[in-house]
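target.csv follows; it contains CSV, C-alpha atoms.
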chain,number,residue,atom,x,y,z
A,225,MET,CA,190.0,67.2,111.9
A,226,GLY,CA,188.0,64.1,110.9
A,227,LEU,CA,184.5,62.9,111.7
A,228,THR,CA,182.4,64.5,114.4
A,229,ILE,CA,178.9,63.7,115.7
A,230,GLY,CA,176.1,66.2,115.8
A,231,VAL,CA,173.2,65.8,118.3
A,232,ASP,CA,169.7,67.3,117.8
A,233,ILE,CA,167.5,67.3,120.8
A,234,GLY,CA,163.8,67.2,119.7
A,235,GLY,CA,160.6,67.1,121.6
A,236,THR,CA,160.0,63.4,120.8
A,237,LYS,CA,163.4,62.1,119.7
A,238,ILE,CA,167.1,62.7,120.0
A,239,ALA,CA,169.1,62.2,116.9
A,240,ALA,CA,172.8,61.8,116.6
A,241,GLY,CA,174.6,61.7,113.3
A,242,VAL,CA,178.2,61.2,112.1
A,243,VAL,CA,179.2,64.1,109.8
A,244,ASP,CA,182.2,64.6,107.7
A,245,GLU,CA,184.0,67.8,106.9
A,246,GLU,CA,181.9,68.4,103.8
A,247,GLY,CA,178.7,68.3,105.8
A,248,ASN,CA,177.7,64.8,104.7
A,249,ILE,CA,175.8,62.7,107.2
A,250,LEU,CA,177.3,59.2,107.2
A,251,SER,CA,175.2,57.5,109.8
A,252,THR,CA,172.4,58.3,112.3
A,253,PHE,CA,171.0,56.9,115.5
A,254,LYS,CA,167.8,58.0,117.2
A,255,VAL,CA,166.3,57.4,120.6
A,256,PRO,CA,163.1,58.6,122.2
A,257,THR,CA,163.3,61.9,124.2
A,258,PRO,CA,162.9,61.1,127.9
A,259,GLY,CA,160.9,63.3,130.3
A,260,THR,CA,163.6,64.1,132.8
A,261,PRO,CA,166.8,66.1,132.5
A,262,GLU,CA,169.0,63.3,133.6
A,263,GLY,CA,167.2,60.9,131.3
A,264,ILE,CA,168.0,63.2,128.4
A,265,VAL,CA,171.7,63.2,129.3
A,266,ASP,CA,171.6,59.4,129.3
A,267,ALA,CA,169.7,59.4,126.0
A,268,ILE,CA,172.2,61.8,124.4
A,269,ALA,CA,175.0,59.4,125.4
A,270,SER,CA,173.1,56.4,124.0
A,271,ALA,CA,172.5,58.1,120.7
A,272,VAL,CA,176.1,59.1,120.4
A,273,GLU,CA,177.3,55.6,121.1
A,274,GLY,CA,174.8,54.2,118.6
A,275,ALA,CA,175.9,56.6,115.8
A,276,ARG,CA,179.7,56.3,116.4
A,277,ALA,CA,179.8,52.5,115.9
A,278,GLY,CA,182.3,51.7,113.2
A,279,HIS,CA,183.6,55.3,113.0
A,280,GLU,CA,186.6,57.1,114.4
A,281,ILE,CA,185.1,60.2,116.1
A,282,VAL,CA,187.1,63.2,117.3
A,283,GLY,CA,184.3,65.3,118.9
A,284,VAL,CA,180.6,65.8,119.6
A,285,GLY,CA,178.5,68.9,119.1
A,286,ILE,CA,175.1,69.2,120.9
A,287,GLY,CA,172.3,71.6,119.8
A,288,ALA,CA,170.2,72.6,122.8
A,289,ALA,CA,167.2,74.8,122.8
A,290,GLY,CA,168.1,77.3,125.5
A,291,TYR,CA,170.7,79.8,126.6
A,292,VAL,CA,174.2,78.4,126.4
A,293,ASN,CA,177.3,80.1,127.9
A,294,ARG,CA,180.0,81.4,125.7
A,295,GLN,CA,182.4,78.6,126.6
A,296,ARG,CA,179.8,76.2,125.0
A,297,SER,CA,179.6,74.0,128.1
A,298,THR,CA,176.7,75.0,130.3
A,299,VAL,CA,173.0,75.5,129.5
A,300,TYR,CA,172.0,78.6,131.6
A,301,PHE,CA,168.3,78.0,131.0
A,302,ALA,CA,166.2,75.8,128.7
A,303,PRO,CA,162.5,76.7,128.3
A,304,ASN,CA,161.3,73.1,127.6
A,305,ILE,CA,163.7,71.1,129.7
A,306,ASP,CA,164.2,71.6,133.4
A,307,TRP,CA,167.9,72.7,132.9
A,308,ARG,CA,169.1,75.5,135.0
A,309,GLN,CA,172.9,76.1,135.0
A,310,GLU,CA,173.2,72.6,133.6
A,311,PRO,CA,176.8,71.4,133.1
A,312,LEU,CA,175.8,69.5,129.9
A,313,LYS,CA,179.3,69.3,128.4
A,314,GLU,CA,180.8,67.8,131.6
A,315,LYS,CA,178.0,65.2,132.0
A,316,VAL,CA,178.1,64.0,128.4
A,317,GLU,CA,181.9,63.9,128.2
A,318,ALA,CA,181.9,61.7,131.3
A,319,ARG,CA,179.6,59.2,129.5
A,320,VAL,CA,181.0,59.1,126.0
A,321,GLY,CA,184.7,59.8,126.5
A,322,LEU,CA,184.9,62.4,123.7
A,323,PRO,CA,185.3,66.2,123.6
A,324,VAL,CA,181.9,67.8,123.7
A,325,VAL,CA,180.7,71.3,122.8
A,326,VAL,CA,177.2,72.6,123.5
A,327,GLU,CA,175.6,75.1,121.2
A,328,ASN,CA,172.2,76.8,121.0
A,329,ASP,CA,170.1,74.8,118.5
A,330,ALA,CA,169.2,77.8,116.4
A,331,ASN,CA,172.9,78.9,116.2
A,332,ALA,CA,173.8,75.3,115.2
A,333,ALA,CA,171.1,75.4,112.4
A,334,ALA,CA,172.3,78.8,111.2
A,335,TRP,CA,175.9,77.6,111.0
A,336,GLY,CA,174.8,74.5,109.1
A,337,GLU,CA,173.0,76.6,106.5
A,338,TYR,CA,175.8,79.1,106.3
A,339,LYS,CA,178.5,76.5,105.8
A,340,PHE,CA,176.8,73.8,103.8
A,341,GLY,CA,173.4,75.2,102.6
A,342,ALA,CA,171.8,78.4,101.4
A,343,GLY,CA,174.6,80.6,102.9
A,344,LYS,CA,177.5,79.2,100.9
A,345,GLY,CA,179.3,82.1,99.2
A,346,HIS,CA,178.2,84.7,101.8
A,347,ARG,CA,180.3,86.2,104.6
A,348,ASN,CA,177.6,88.0,106.4
A,349,VAL,CA,174.2,86.3,106.9
A,350,ILE,CA,171.4,86.4,109.4
A,351,CYS,CA,169.3,83.2,109.8
A,352,ILE,CA,165.8,83.1,111.2
A,353,THR,CA,163.8,79.9,111.9
A,354,LEU,CA,160.1,80.2,111.6
A,355,GLY,CA,158.7,77.2,113.4
A,356,THR,CA,156.5,76.8,116.4
A,357,GLY,CA,158.5,79.8,117.7
A,358,LEU,CA,161.1,82.0,116.2
A,359,GLY,CA,164.9,81.6,116.5
A,360,GLY,CA,168.0,82.7,114.7
A,361,GLY,CA,171.7,83.0,114.3
A,362,ILE,CA,174.2,85.7,113.3
A,363,ILE,CA,177.2,85.0,111.1
A,364,ILE,CA,179.3,88.1,110.5
A,365,GLY,CA,182.8,88.0,108.8
A,366,ASN,CA,182.5,84.2,108.5
A,367,LYS,CA,182.1,83.8,112.3
A,368,LEU,CA,179.2,82.7,114.4
A,369,ARG,CA,178.5,85.6,116.8
A,370,ARG,CA,177.3,84.5,120.2
A,371,GLY,CA,177.7,87.7,122.1
A,372,HIS,CA,179.7,88.3,125.3
A,373,PHE,CA,177.7,85.9,127.4
A,374,GLY,CA,176.9,83.5,124.6
A,375,VAL,CA,173.2,84.2,124.3
A,376,ALA,CA,172.9,86.5,121.3
A,377,ALA,CA,170.4,86.1,118.5
A,378,GLU,CA,167.3,85.3,120.6
A,379,PHE,CA,165.4,87.1,117.9
A,380,GLY,CA,162.1,85.7,118.9
A,381,HIS,CA,162.1,87.7,122.1
A,382,ILE,CA,162.7,91.1,120.6
A,383,ARG,CA,159.7,93.2,121.7
A,384,MET,CA,157.9,94.2,118.6
A,385,VAL,CA,154.7,95.5,120.3
A,386,PRO,CA,154.9,97.3,123.6
A,387,ASP,CA,152.4,95.7,126.0
A,388,GLY,CA,151.5,93.3,123.3
A,389,LEU,CA,150.6,89.6,123.5
A,390,LEU,CA,151.9,87.7,126.4
A,391,CYS,CA,154.8,85.4,125.5
A,392,GLY,CA,155.8,82.1,127.0
A,393,CYS,CA,159.1,83.8,128.1
A,394,GLY,CA,157.0,86.1,130.5
A,395,SER,CA,157.4,89.2,128.4
A,396,GLN,CA,154.8,90.9,126.2
A,397,GLY,CA,154.8,91.7,122.5
A,398,CYS,CA,157.7,89.4,121.5
A,399,TRP,CA,158.3,88.9,117.8
A,400,GLU,CA,157.5,85.2,117.8
A,401,GLN,CA,154.0,86.0,119.0
A,402,TYR,CA,153.4,87.6,115.6
A,403,ALA,CA,155.7,85.7,113.2
A,404,SER,CA,155.6,81.9,114.0
A,405,GLY,CA,153.6,78.8,113.4
A,406,ARG,CA,151.6,79.5,116.5
A,407,ALA,CA,150.8,83.0,115.3
A,408,LEU,CA,149.8,81.7,111.9
A,409,VAL,CA,147.2,79.4,113.5
A,410,ARG,CA,145.9,82.2,115.6
A,411,TYR,CA,145.5,84.5,112.6
A,412,ALA,CA,143.6,81.8,110.7
A,413,LYS,CA,141.2,81.0,113.6
A,414,GLN,CA,140.5,84.6,114.2
A,415,ARG,CA,139.7,85.3,110.6
A,416,ALA,CA,137.7,82.2,110.1
A,417,ASN,CA,135.6,83.0,113.1
A,418,ALA,CA,135.0,86.6,111.8
A,419,THR,CA,134.3,85.6,108.2
A,420,PRO,CA,133.5,81.9,107.9
A,421,GLU,CA,132.2,82.5,104.4
A,422,SER,CA,135.7,83.3,103.3
A,423,ALA,CA,137.2,80.2,104.9
A,424,GLU,CA,135.1,77.4,103.3
A,425,ILE,CA,138.1,75.4,102.1
A,426,LEU,CA,140.0,75.9,105.3
A,427,LEU,CA,137.2,74.9,107.6
A,428,GLY,CA,136.4,71.9,105.4
A,429,LEU,CA,139.9,70.5,105.9
A,430,GLY,CA,139.3,70.4,109.7
A,431,ASP,CA,136.3,69.7,111.8
A,432,GLY,CA,134.3,72.6,110.3
A,433,THR,CA,135.0,75.0,113.2
A,434,PRO,CA,137.7,77.6,113.7
A,435,ASP,CA,139.0,75.8,116.7
A,436,GLY,CA,139.7,72.7,114.6
A,437,ILE,CA,142.1,74.6,112.3
A,438,GLU,CA,145.7,73.3,112.3
A,439,GLY,CA,148.8,74.5,110.6
A,440,LYS,CA,148.7,71.9,107.9
A,441,HIS,CA,145.2,72.9,107.0
A,442,ILE,CA,146.3,76.5,106.5
A,443,SER,CA,149.0,75.5,104.1
A,444,MET,CA,146.7,73.2,102.1
A,445,ALA,CA,143.9,75.8,101.9
A,446,ALA,CA,146.2,78.6,100.9
A,447,ARG,CA,147.5,76.6,98.0
A,448,GLN,CA,143.9,76.2,96.9
A,449,GLY,CA,143.3,79.9,97.1
A,450,ASP,CA,141.3,80.1,100.4
A,451,PRO,CA,141.1,83.8,101.2
A,452,VAL,CA,141.4,83.4,104.9
A,453,ALA,CA,144.4,81.1,104.6
A,454,VAL,CA,146.2,83.3,102.1
A,455,ASP,CA,145.5,86.4,104.3
A,456,SER,CA,146.8,84.6,107.4
A,457,TYR,CA,150.1,84.0,105.6
A,458,ARG,CA,150.3,87.6,104.5
A,459,GLU,CA,149.8,88.8,108.1
A,460,LEU,CA,152.6,86.5,109.3
A,461,ALA,CA,154.8,87.7,106.5
A,462,ARG,CA,154.1,91.3,107.3
A,463,TRP,CA,155.5,90.9,110.8
A,464,ALA,CA,158.4,88.7,109.6
A,465,GLY,CA,159.5,91.2,107.0
A,466,ALA,CA,159.2,94.1,109.5
A,467,GLY,CA,161.5,92.2,111.9
A,468,LEU,CA,164.0,91.6,109.1
A,469,ALA,CA,164.1,95.3,108.3
A,470,ASP,CA,165.0,96.0,111.9
A,471,LEU,CA,167.7,93.3,111.8
A,472,ALA,CA,169.1,94.8,108.6
A,473,SER,CA,169.6,98.1,110.5
A,474,LEU,CA,171.6,96.3,113.1
A,475,PHE,CA,173.7,93.9,111.0
A,476,ASP,CA,173.5,94.8,107.3
A,477,PRO,CA,173.8,91.2,106.0
A,478,SER,CA,174.0,90.2,102.4
A,479,ALA,CA,171.3,87.6,102.9
A,480,PHE,CA,168.6,86.5,105.3
A,481,ILE,CA,168.1,82.8,105.3
A,482,VAL,CA,164.7,81.7,106.4
A,483,GLY,CA,164.4,78.2,107.8
A,484,GLY,CA,162.1,76.3,110.1
A,485,GLY,CA,158.9,74.5,109.2
A,486,LEU,CA,157.2,77.5,107.7
A,487,SER,CA,160.0,77.9,105.1
A,488,ASP,CA,158.9,74.6,103.6
A,489,GLU,CA,156.0,76.5,102.0
A,490,GLY,CA,158.5,78.2,99.7
A,491,GLU,CA,157.3,81.3,97.8
A,492,LEU,CA,153.9,81.2,99.6
A,493,VAL,CA,155.8,82.6,102.6
A,494,LEU,CA,159.0,84.1,101.1
A,495,ASP,CA,157.4,86.3,98.5
A,496,PRO,CA,155.3,88.3,100.9
A,497,ILE,CA,158.1,88.4,103.5
A,498,ARG,CA,160.4,90.0,100.8
A,499,LYS,CA,157.7,92.6,100.0
A,500,SER,CA,157.2,93.4,103.7
A,501,TYR,CA,160.9,93.6,104.3
A,502,LYS,CA,161.4,96.1,101.4
A,503,ARG,CA,158.4,98.0,102.6
A,504,TRP,CA,159.8,98.5,106.2
A,505,LEU,CA,163.5,98.8,105.3
A,506,VAL,CA,164.7,102.3,106.0
A,507,GLY,CA,165.8,103.8,102.7
A,508,GLY,CA,164.8,100.7,100.9
A,509,ASN,CA,164.3,102.4,97.6
A,510,TRP,CA,167.8,103.8,97.5
A,511,ARG,CA,170.1,101.2,99.2
A,512,PRO,CA,171.2,97.7,98.4
A,513,VAL,CA,168.7,95.1,99.7
A,514,ALA,CA,169.7,91.8,101.2
A,515,ASP,CA,168.5,88.6,99.6
A,516,VAL,CA,165.8,86.7,101.4
A,517,ILE,CA,166.3,83.1,100.6
A,518,ALA,CA,165.0,79.7,101.8
A,519,ALA,CA,167.1,77.4,103.9
A,520,GLN,CA,168.2,74.3,102.1
A,521,LEU,CA,169.1,71.7,104.7
A,522,GLY,CA,165.7,71.3,106.3
A,523,ASN,CA,165.7,69.5,109.7
A,524,LYS,CA,169.2,68.3,109.1
A,525,ALA,CA,170.7,71.8,109.6
A,526,GLY,CA,171.0,71.7,113.4
A,527,LEU,CA,172.6,68.3,113.5
A,528,VAL,CA,175.1,69.2,110.7
A,529,GLY,CA,175.8,72.6,112.2
A,530,ALA,CA,176.4,71.2,115.7
A,531,ALA,CA,178.8,68.6,114.3
A,532,ASP,CA,180.8,71.1,112.4
A,533,LEU,CA,180.9,73.5,115.3
A,534,ALA,CA,182.6,70.7,117.3
A,535,ARG,CA,185.6,71.4,115.1
A,536,GLU,CA,185.7,75.1,115.8
A,537,PRO,CA,188.6,75.9,118.1
A,538,ASP,CA,187.6,79.3,119.4
A,539,PRO,CA,184.4,79.4,121.4
A,540,ILE,CA,184.7,83.1,122.4
A,541,MET,CA,182.7,84.6,119.6

Would it be possible to restate this file's structure as C-alpha cells?
Amino acid sequence: MGLTIGVDIGGTKIAAGVVDEEGNILSTFKVPTPGTPEGIVDAIASAVEGARAGHEIVGVGIGAAGYVNRQRSTVYFAPNIDWRQEPLKEKVEARVGLPVVVENDANAAAWGEYKFGAGKGHRNVICITLGTGLGGGIIIGNKLRRGHFGVAAEFGHIRMVPDGLLCGCGSQGCWEQYASGRALVRYAKQRANATPESAEILLGLGDGTPDGIEGKHISMAARQGDPVAVDSYRELARWAGAGLADLASLFDPSAFIVGGGLSDEGELVLDPIRKSYKRWLVGGNWRPVADVIAAQLGNKAGLVGAADLAREPDPIM
C-alpha cells in the first residue's frame, strides 16, 4: 500500500514519521505539544505536513492516549487532554487531505512490536508497557483485538487490590498503582524512609532525603547493589508478574512483551518479573509457560505501529 505516516502524541512533543511497509522510518518531523485540544489538532497537522515533504503518502495513523472507538475515528475520553467524544479523524483529515485512522497509543505500540520487533514469529502475544502508568495491547491470531467498543486492553485499570490505592482514573487498587514507574518511586521512598541505612547509595544520588528520590536514581543505585533500590524493583516485579499470570489465564499467549521506560532496565526488571509470573501462574509447574521478553523498538514502537495500522483495512477487531 505504500508509505504511511505515524503520529505519536507525547507530553512535550508530537512526532510524525514516514514509515515503509517493512517498518523502517524514512523521515520524521517534530513539533511542541500545545496546551489546548484544538492546538494539538493543528500541531498534528503541522507535523504530518512536515514529515510528508518529498514523499507520496497514502494514509496517516495517530496514536492517542485514551479510549478510541472501534471505528478508529473518535476519542471517547483522554485522561491527559481535554478530549471528550473528540472526532479526531474528521478534524485531521480536513487539515491534511489524507485518510486518517486513530488508535490507542498502547495498541499502536503493541502492534509495532508484534509486527516489527520482539513479537515477530508469534501469532498470540500480549504486550504491556511499564512506564509512568501501565498500558497494553492484545494480539490474538495475528489480529489486534480492540473489543466490541474499541477500548479493550486497558490493563492498568484492572483492580488488583480491592479498596486499594486511589488511582487517577477514580477507582481504587488499579494494577498501575502497583506496577509502574510511579509505583517504583513510591516503593523506594517508603523503604528509604524506613531504613535509610540500607539506602546510602540511593540517597546519595539525590538530595539526601527520601523525597528527593527519582526514577533514574533507583536504576543507578540498583545497578550498584543498593539494597533498597534492588528491593523496590523486586516489589514492582512481584506485582507485574502476578498481573501477567492473570492475563495468561485469560489469553494464553505464547509471549508477553514488556515495553515502556522500565523495560530499558533489561534483566534487572525482566528476571524478577519472570519469577513472579511463574510463581503466580496457575499450574505453572505442569503447563507450558509463555516467554517474557523485552520490547525491541523503544519509543519508536507507537509511531511505527500507528503508521502500519493505517494500512489495516478492517477496523472492527

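Relative to atom CA of Ile497 of chain A, atom CA of Ile352 of chain A is found at 12.1 Å.
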
## Note on the structure
Taken to one decimal, the atom CA of Phe301 of chain A-atom CA of Ala288 of chain A distance is 10.0 Å

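For the set A:Ala333, A:Val326, A:Val272, A:Val316, the residue with the smallest atom-to-atom gap to Leu527 of chain A is A:Ala333, counting only C-alpha atoms.
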
Within 12 Å of segment 488-491 of chain A, which residues of segment 302-372 of chain A come that close, and what is the closest atom pair and distance in Å for each? Count only C-alpha atoms and give it as JSON lines.
{"residue": "A:Thr353", "atom": "CA", "partner": "A:Asp488", "partner_atom": "CA", "distance": 11.0}
{"residue": "A:Leu354", "atom": "CA", "partner": "A:Asp488", "partner_atom": "CA", "distance": 9.8}
{"residue": "A:Gly355", "atom": "CA", "partner": "A:Asp488", "partner_atom": "CA", "distance": 10.1}

### Message
Set the distance at 10 Å and use all atoms listed in the file: which residues neighbour Trp307 of chain A once local chain neighbours fewer than 5 positions away are removed? I'd like the list as a PyMOL selection string.
### Response
chain A and resi 260-262+290-291+298-302+312

Please provide the set of residues having any atom within 9 Å of Pro386 of chain A, restricted to all atoms listed in the file, with same-chain residues fewer than 5 positions apart removed, written as a PDB file with C-alpha atoms, keeping the file's coordinate frame.
ATOM      1  CA  GLN A 396     154.800  90.900 126.200  1.00  0.00           C
ATOM      2  CA  GLY A 397     154.800  91.700 122.500  1.00  0.00           C
ATOM      3  CA  CYS A 398     157.700  89.400 121.500  1.00  0.00           C
TER       4      CYS A 398
END

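Picture a line from atom CA of Glu421 of chain A to atom CA of Asp450 of chain A; it runs 10.2 Å.
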